[in-house]
Amino acid sequence: MAALAKVVARQRAEMDRLRDQAATSAVVERAKGAIMALTGCTPDAAGEDLLQRAKAGNRTLLEECWITLGSLRPLGTPTEPLDTPTEPRVGDSPHGATLSAIPAPTSPRSVRPGSAVSAVPAGRDTSDLDDGFTALGRLGKALVQVATPQDLAGCLLEELRADVDADALLLFRSLRTGGLELIGHAGVDATLAAQWAQVPPLNGIAALEALRTREPRWLEDFARDRDRHLLIGDPPERWLSRAWLPVPSGDEAEVCIGIMRARSGTFSSQDRQLLRAVGRLCAGWLRSFGARPEHSTAEAAAAAQPVFDALPGSAMLLTPLRGPSGEVADYRIDAATRHAVDVVGRTGSELLGRRILECFPSMADDAVWHGCLRTLTTGEPFEGEPFAYQEVVDGAAELSTYALHAARLGGALVVTWVRHDSSDRQEQRLADVQRLGNLGWANWNLVTGEGSWSSQTFLVMNRDPELGPVRLADLPGLALPEDTAVLAHAVQQLVRSGVQFDVPFRIRAGSEIRHLRMVAEVVTDTENEPVEVHGFVQDLTAQRNAELALVQSEQEIVTQHGVLHAERTLAARLQHALLPLPTRPVSLAGLRVEVAYLPAQSGIHVSGDWFSAIELPYGDALFVVGDVAGHGIDAVATMAQLRFTAKGMVITGSSLTGALARLNTLLLHSRDSHGTATMVLARYDPVERCLEWAQAGHPPPLLVREGQVRYLERPLGMLLGACSDPDFQEARCVLEPGDRVLFYTDGLVERPSEGIDHGLDRLAAAVAVHHADKPGSLAPLLALVLEGERRDDVCVVDIRVPSEAE
């Protein structure tokens, strides 16, 4: 299908070339015929005269023909110059008619072609003059294809845009009623053209003044001109300088050309000469095609194009082209939507003026062709059956399903193609996938260099959609400098060798860095040449940030674990140094004392559990068991402070309650004013076998007597550091031979999932069952009570009163 389209395109181009050649020959023959009619010379002499005049005026033959046709005088009419002195007549007519032409310059480079001034302004390079008038040569050639005034307006603006900074152009024709009619425009929107389609004969209309006086009007001072004239524009400030030039045609001027410029300032003398010469060329065209052209089908098509620009989908306005027999041989595309695309990839405005069979060879299908003919004849809309259609876009073949609809509009057809496999639901699903996946697609055409991005891609790339997509070669420039080289290499390998890439890179989006991933592949044509790049870009910033945060967290955990492990080691060594454990039971004041300290099995911190069991100078025994809240170095330091201070105060004669009160004050004024601790202080008098004890928020001691287990009733006492004025009381217990007393910390009875009462009951039950009196029996008891994992340190002081048998 693509090969067939190329053949049709070449044939159409050859036909257009031949048509241009025939049109050019027609203009030349018409100019020769005019000279022959007025002078009576032979065709060869008329042709030679045109060539000599063109050479003398430094003009092309086609320019000279247009000027000659525009400067003809009717037979019998006295010859007068238009706006410059005339040069010698070409010849005398047998009837006295003459041919007035534009004077030739004094030298080939002295003035621009068609100028009436024979001198070059001082300081102006003559090469600039010649370059400035190259538009006349292009315009003379372009006029042979101009068929309507609307075409003429577009042609003039295209040629004058660069030479005189023209931004818009209007063509007005005078009416017999004295007003003006807009017959052609370019660079002006349809709304403004409709507002100025008819102009009444009012004062202050510059175009009317130019036609009446047959002199140009140069509006170069906007502030002054807006007070004197009714200026075209909404707002008028859109064009700050203007020129209105009457087109000379015999003794009258019926058409006026309006040149609109956005910039302010005067028209230079060279610009004025150029515009006068352009007016003379247009006079030849108007004489050849009629001074009062009527609106044609092409003008109607031009008026329809703004409507098609606003239509979605693929639609075209087709004008039938009939053969000698009157049958429709083809259709001309006179309007098209921007989404319309033919088999070789031309879209929108590129299709205008082309033949339908050149752009869509499959339209020659019997069903479609006859359906369109029936619609053109009867006016009944045609709706074709869905058909598979293979599109070739820049060499890449795509198979799609379409349905064709045709409706008559005047003498033309409006044809639309509906693509069945591009439903709104599929579009919405694609948009949802891109949004949820935070990704967008991107395509680049390697033939035209153009790219297309989805809306999500612009969001991911942090690019304004108004700027459009970047070219594939410029894509690496969006990445951070550290990632540019890798992405550039991947793009080069993709284009040169077709190697698919999957590359992560980063971009800067405001104050943040985005982590992106791009995947792309090459699409080749039937000759295995790369023609397009398809790919997608995905925002992985959230995922990457999570990965980086996880890695950082793992590193911090490892670091913290090391720090805490070192801290535990240091605290354990410090604790062991401050709290030496006896390896066997000791005898104090006639009591057998066994001590156990078990660190927690979970965690890496050491706690502030401690004990003291010493014999006082006067023979009594002091027992202390305490637990500082918290873990680590601070807890060990507080433990050491309380342990040694408690022993010192009791040794120096302080009562148990007095010692607790002073320890409370000490803890409140320590470095950690919010620290707390529990403690039990006990003093044993061996003479009376009396155990006096006080406690500060500590679990009660356990007494075992004659196989019976009970907890001693706790005296009043609040944990240390809880308030500034606590009340502590003492309790007394006379021990009997064979009695056993256990002092312990809360790690022995507390469990996270139960209350402390359950722990106390469990300890009492275990002691009742395990009542061995032999040394070393504390370890089996603790193993029975502490079944499972220990979450806290345990400190136990086991005091036994020897029986009478011992």
# chains A, B, ... in the order shown; residues from 1 in each chain; ligands from 1
$ select_by_dssp --residues "stretch 223-279 of chain A" --states "strand (DSSP E or B)" --output "number ranges by chain"
A: 241-249, 252-261
$ residues_around --residues "A:Val537" --least-positions-apart "5" --cutoff "7 Å" --atoms "only C-alpha atoms" --output "PDB file with all heavy atoms, in the first residue's frame"
ATOM      1  N   LEU A 439       3.660   6.336  35.511  1.00  0.00           N
ATOM      2  CA  LEU A 439       4.487   6.230  34.319  1.00  0.00           C
ATOM      3  C   LEU A 439       3.741   6.831  33.141  1.00  0.00           C
ATOM      4  O   LEU A 439       2.529   7.024  33.183  1.00  0.00           O
ATOM      5  CB  LEU A 439       4.872   4.762  34.044  1.00  0.00           C
ATOM      6  CG  LEU A 439       3.751   3.724  33.872  1.00  0.00           C
ATOM      7  CD1 LEU A 439       3.223   3.693  32.449  1.00  0.00           C
ATOM      8  CD2 LEU A 439       4.244   2.357  34.255  1.00  0.00           C
ATOM      9  N   GLY A 440       4.455   7.119  32.092  1.00  0.00           N
ATOM     10  CA  GLY A 440       3.865   7.680  30.880  1.00  0.00           C
ATOM     11  C   GLY A 440       4.629   7.211  29.666  1.00  0.00           C
ATOM     12  O   GLY A 440       5.816   6.898  29.730  1.00  0.00           O
ATOM     13  N   TRP A 441       3.935   7.171  28.516  1.00  0.00           N
ATOM     14  CA  TRP A 441       4.579   6.718  27.292  1.00  0.00           C
ATOM     15  C   TRP A 441       5.172   7.895  26.533  1.00  0.00           C
ATOM     16  O   TRP A 441       4.753   9.038  26.681  1.00  0.00           O
ATOM     17  CB  TRP A 441       3.601   5.940  26.408  1.00  0.00           C
ATOM     18  CG  TRP A 441       2.366   6.699  25.998  1.00  0.00           C
ATOM     19  CD1 TRP A 441       1.127   6.619  26.561  1.00  0.00           C
ATOM     20  CD2 TRP A 441       2.251   7.677  24.943  1.00  0.00           C
ATOM     21  NE1 TRP A 441       0.245   7.460  25.943  1.00  0.00           N
ATOM     22  CE2 TRP A 441       0.903   8.123  24.940  1.00  0.00           C
ATOM     23  CE3 TRP A 441       3.124   8.208  24.023  1.00  0.00           C
ATOM     24  CZ2 TRP A 441       0.430   9.068  24.038  1.00  0.00           C
ATOM     25  CZ3 TRP A 441       2.666   9.158  23.112  1.00  0.00           C
ATOM     26  CH2 TRP A 441       1.324   9.578  23.133  1.00  0.00           C
ATOM     27  N   THR A 457       3.530  11.687  31.168  1.00  0.00           N
ATOM     28  CA  THR A 457       4.973  11.824  30.973  1.00  0.00           C
ATOM     29  C   THR A 457       5.443  13.226  31.334  1.00  0.00           C
ATOM     30  O   THR A 457       6.503  13.403  31.941  1.00  0.00           O
ATOM     31  CB  THR A 457       5.349  11.495  29.519  1.00  0.00           C
ATOM     32  OG1 THR A 457       4.901  10.174  29.208  1.00  0.00           O
ATOM     33  CG2 THR A 457       6.852  11.571  29.304  1.00  0.00           C
ATOM     34  N   LEU A 516      14.068   8.281  38.150  1.00  0.00           N
ATOM     35  CA  LEU A 516      13.251   7.822  37.038  1.00  0.00           C
ATOM     36  C   LEU A 516      13.874   6.586  36.392  1.00  0.00           C
ATOM     37  O   LEU A 516      15.067   6.325  36.530  1.00  0.00           O
ATOM     38  CB  LEU A 516      13.079   8.924  35.982  1.00  0.00           C
ATOM     39  CG  LEU A 516      12.568  10.276  36.462  1.00  0.00           C
ATOM     40  CD1 LEU A 516      12.407  11.219  35.293  1.00  0.00           C
ATOM     41  CD2 LEU A 516      11.254  10.131  37.214  1.00  0.00           C
ATOM     42  N   ARG A 517      13.037   5.880  35.681  1.00  0.00           N
ATOM     43  CA  ARG A 517      13.477   4.724  34.901  1.00  0.00           C
ATOM     44  C   ARG A 517      12.870   4.850  33.515  1.00  0.00           C
ATOM     45  O   ARG A 517      11.667   5.078  33.384  1.00  0.00           O
ATOM     46  CB  ARG A 517      13.006   3.432  35.563  1.00  0.00           C
ATOM     47  CG  ARG A 517      13.216   2.182  34.714  1.00  0.00           C
ATOM     48  CD  ARG A 517      12.315   1.063  35.174  1.00  0.00           C
ATOM     49  NE  ARG A 517      12.470  -0.130  34.389  1.00  0.00           N
ATOM     50  CZ  ARG A 517      11.551  -1.094  34.311  1.00  0.00           C
ATOM     51  NH1 ARG A 517      10.418  -0.975  34.972  1.00  0.00           N
ATOM     52  NH2 ARG A 517      11.767  -2.165  33.566  1.00  0.00           N
ATOM     53  N   MET A 518      13.705   4.727  32.483  1.00  0.00           N
ATOM     54  CA  MET A 518      13.204   4.793  31.111  1.00  0.00           C
ATOM     55  C   MET A 518      13.533   3.505  30.383  1.00  0.00           C
ATOM     56  O   MET A 518      14.661   3.008  30.455  1.00  0.00           O
ATOM     57  CB  MET A 518      13.796   5.993  30.364  1.00  0.00           C
ATOM     58  CG  MET A 518      13.460   5.995  28.877  1.00  0.00           C
ATOM     59  SD  MET A 518      13.554   7.624  28.117  1.00  0.00           S
ATOM     60  CE  MET A 518      11.985   8.317  28.620  1.00  0.00           C
ATOM     61  N   VAL A 519      12.532   2.981  29.680  1.00  0.00           N
ATOM     62  CA  VAL A 519      12.675   1.797  28.837  1.00  0.00           C
ATOM     63  C   VAL A 519      12.265   2.200  27.429  1.00  0.00           C
ATOM     64  O   VAL A 519      11.215   2.825  27.252  1.00  0.00           O
ATOM     65  CB  VAL A 519      11.800   0.633  29.346  1.00  0.00           C
ATOM     66  CG1 VAL A 519      11.960  -0.586  28.447  1.00  0.00           C
ATOM     67  CG2 VAL A 519      12.156   0.284  30.777  1.00  0.00           C
TER      68      VAL A 519
END
$ closest_residue --among "A:Gly258, A:Gln195, A:Asp334, A:Leu321" --to "A:Leu219" --atoms "only C-alpha atoms"
A:Gly258
$ atom_distance --atom1 "atom CA of A:Gln708" --atom2 "atom CA of A:Ala768"
7.0 Å
$ closest_residue --among "A:Arg238, A:His339, A:Arg471, A:His698" --to "A:Val628" --atoms "only C-alpha atoms"
A:His698
$ residues_around --residues "A:Asp474" --least-positions-apart "6" --cutoff "12 Å" --atoms "only C-alpha atoms" --output "list in words"
Trp444, Gly449, Glu450, Gly451, Thr484, Leu487, Ala488, Val491 and Gln492 of chain A
$ residues_around --residues "A:Ser497" --least-positions-apart "5" --cutoff "12 Å" --atoms "only C-alpha atoms" --output "ChimeraX atom specification"
/A:489-492,521-524,528-530
$ write_last_selection --atoms "N, CA, C and O atoms" --output "mmCIF file, in the first residue's frame"
data_model
loop_
_atom_site.group_PDB
_atom_site.id
_atom_site.type_symbol
_atom_site.label_atom_id
_atom_site.label_comp_id
_atom_site.auth_asym_id
_atom_site.auth_seq_id
_atom_site.Cartn_x
_atom_site.Cartn_y
_atom_site.Cartn_z
ATOM 1 N N HIS A 489 24.684 7.571 26.235
ATOM 2 C CA HIS A 489 25.223 6.357 25.603
ATOM 3 C C HIS A 489 24.095 5.388 25.248
ATOM 4 O O HIS A 489 24.112 4.781 24.158
ATOM 5 N N ALA A 490 23.119 5.244 26.142
ATOM 6 C CA ALA A 490 22.003 4.337 25.868
ATOM 7 C C ALA A 490 21.188 4.812 24.668
ATOM 8 O O ALA A 490 20.775 4.006 23.826
ATOM 9 N N VAL A 491 20.961 6.124 24.556
ATOM 10 C CA VAL A 491 20.214 6.671 23.419
ATOM 11 C C VAL A 491 20.979 6.450 22.121
ATOM 12 O O VAL A 491 20.403 6.080 21.082
ATOM 13 N N GLN A 492 22.289 6.684 22.133
ATOM 14 C CA GLN A 492 23.098 6.477 20.927
ATOM 15 C C GLN A 492 23.064 5.020 20.481
ATOM 16 O O GLN A 492 22.909 4.714 19.294
ATOM 17 N N GLU A 521 12.590 1.146 22.940
ATOM 18 C CA GLU A 521 12.964 0.240 21.869
ATOM 19 C C GLU A 521 12.750 0.933 20.546
ATOM 20 O O GLU A 521 12.037 1.939 20.454
ATOM 21 N N VAL A 522 13.366 0.384 19.505
ATOM 22 C CA VAL A 522 13.291 0.953 18.164
ATOM 23 C C VAL A 522 12.286 0.166 17.331
ATOM 24 O O VAL A 522 12.228 -1.064 17.407
ATOM 25 N N VAL A 523 11.503 0.894 16.518
ATOM 26 C CA VAL A 523 10.605 0.282 15.543
ATOM 27 C C VAL A 523 11.199 0.514 14.160
ATOM 28 O O VAL A 523 11.549 1.650 13.809
ATOM 29 N N THR A 524 11.339 -0.554 13.391
ATOM 30 C CA THR A 524 11.956 -0.461 12.059
ATOM 31 C C THR A 524 10.893 -0.548 10.987
ATOM 32 O O THR A 524 9.778 -1.030 11.195
ATOM 33 N N ASN A 528 14.015 -2.649 7.439
ATOM 34 C CA ASN A 528 14.774 -2.805 8.683
ATOM 35 C C ASN A 528 15.565 -1.553 9.053
ATOM 36 O O ASN A 528 16.598 -1.627 9.724
ATOM 37 N N GLU A 529 15.065 -0.392 8.660
ATOM 38 C CA GLU A 529 15.670 0.876 9.045
ATOM 39 C C GLU A 529 14.894 1.451 10.227
ATOM 40 O O GLU A 529 13.658 1.435 10.238
ATOM 41 N N PRO A 530 15.581 1.953 11.261
ATOM 42 C CA PRO A 530 14.874 2.523 12.417
ATOM 43 C C PRO A 530 14.100 3.769 12.026
ATOM 44 O O PRO A 530 14.647 4.686 11.407
#
$ residues_around --residues "A:Leu748" --least-positions-apart "6" --cutoff "12 Å" --atoms "only C-alpha atoms" --output "ChimeraX atom specification"
/A:596-600,609,627,699,742,756,758-764,766,781-797
$ atom_distance --atom1 "atom CA of A:Val558" --atom2 "atom CA of A:Ile513"
27.4 Å
$ closest_residue --among "A:His561, A:Lys141, A:His674, A:Arg689" --to "A:Trp285" --atoms "only C-alpha atoms"
A:Lys141
$ atom_distance --atom1 "atom CA of A:Gly187" --atom2 "atom CA of A:Ala153"
9.2 Å
$ residues_around --residues "A:Leu211" --least-positions-apart "4" --cutoff "7 Å" --atoms "only C-alpha atoms" --output "ChimeraX atom specification"
/A:207,246,253-254,256
$ residues_around --residues "stretch 718-728 of chain A" --least-positions-apart "3" --cutoff "6 Å" --atoms "only C-alpha atoms" --output "list in words"
Thr657, Asn664, Leu667, Leu668, Thr676, Ala677, Thr678, Ala696 and Gly697 of chain A
$ write_last_selection --atoms "N, CA, C and O atoms" --output "PDB file, in the first residue's frame"
ATOM      1  N   THR A 657      14.634   3.473 108.005  1.00  0.00           N
ATOM      2  CA  THR A 657      13.737   4.451 107.379  1.00  0.00           C
ATOM      3  C   THR A 657      14.461   5.758 107.095  1.00  0.00           C
ATOM      4  O   THR A 657      14.220   6.429 106.091  1.00  0.00           O
ATOM      5  N   ASN A 664      16.197   8.791  99.053  1.00  0.00           N
ATOM      6  CA  ASN A 664      15.179   9.419  98.198  1.00  0.00           C
ATOM      7  C   ASN A 664      15.589  10.834  97.829  1.00  0.00           C
ATOM      8  O   ASN A 664      15.479  11.267  96.671  1.00  0.00           O
ATOM      9  N   LEU A 667      18.398  10.762  95.308  1.00  0.00           N
ATOM     10  CA  LEU A 667      17.964  10.418  93.951  1.00  0.00           C
ATOM     11  C   LEU A 667      17.263  11.598  93.290  1.00  0.00           C
ATOM     12  O   LEU A 667      17.407  11.839  92.074  1.00  0.00           O
ATOM     13  N   LEU A 668      16.491  12.367  94.079  1.00  0.00           N
ATOM     14  CA  LEU A 668      15.811  13.532  93.507  1.00  0.00           C
ATOM     15  C   LEU A 668      16.793  14.592  93.042  1.00  0.00           C
ATOM     16  O   LEU A 668      16.502  15.359  92.103  1.00  0.00           O
ATOM     17  N   THR A 676      13.988   6.652  89.234  1.00  0.00           N
ATOM     18  CA  THR A 676      13.332   6.027  90.384  1.00  0.00           C
ATOM     19  C   THR A 676      14.015   4.687  90.686  1.00  0.00           C
ATOM     20  O   THR A 676      14.732   4.141  89.839  1.00  0.00           O
ATOM     21  N   ALA A 677      13.760   4.175  91.862  1.00  0.00           N
ATOM     22  CA  ALA A 677      14.347   2.894  92.267  1.00  0.00           C
ATOM     23  C   ALA A 677      13.491   2.287  93.371  1.00  0.00           C
ATOM     24  O   ALA A 677      12.799   2.994  94.124  1.00  0.00           O
ATOM     25  N   THR A 678      13.493   0.963  93.428  1.00  0.00           N
ATOM     26  CA  THR A 678      12.865   0.239  94.549  1.00  0.00           C
ATOM     27  C   THR A 678      13.965  -0.388  95.403  1.00  0.00           C
ATOM     28  O   THR A 678      15.055  -0.692  94.891  1.00  0.00           O
ATOM     29  N   ALA A 696      10.938   0.347  99.992  1.00  0.00           N
ATOM     30  CA  ALA A 696      10.518   1.501  99.172  1.00  0.00           C
ATOM     31  C   ALA A 696      10.003   0.965  97.841  1.00  0.00           C
ATOM     32  O   ALA A 696      10.754   0.800  96.881  1.00  0.00           O
ATOM     33  N   GLY A 697       8.700   0.599  97.810  1.00  0.00           N
ATOM     34  CA  GLY A 697       8.081   0.132  96.571  1.00  0.00           C
ATOM     35  C   GLY A 697       8.589  -1.193  96.078  1.00  0.00           C
ATOM     36  O   GLY A 697       8.513  -1.470  94.871  1.00  0.00           O
TER      37      GLY A 697
END
$ closest_residue --among "A:Ile557, A:Gly717, A:Ala403, A:Tyr711" --to "A:Asp757" --atoms "only C-alpha atoms"
A:Tyr711
$ closest_residue --among "A:Ser241, A:Gln305, A:Thr347, A:Ser174" --to "A:Ala190" --atoms "only C-alpha atoms"
A:Gln305
$ select_by_dssp --residues "stretch 508-588 of chain A" --states "alpha helix (DSSP H)" --output "PyMOL selection string"
chain A and resi 541-578
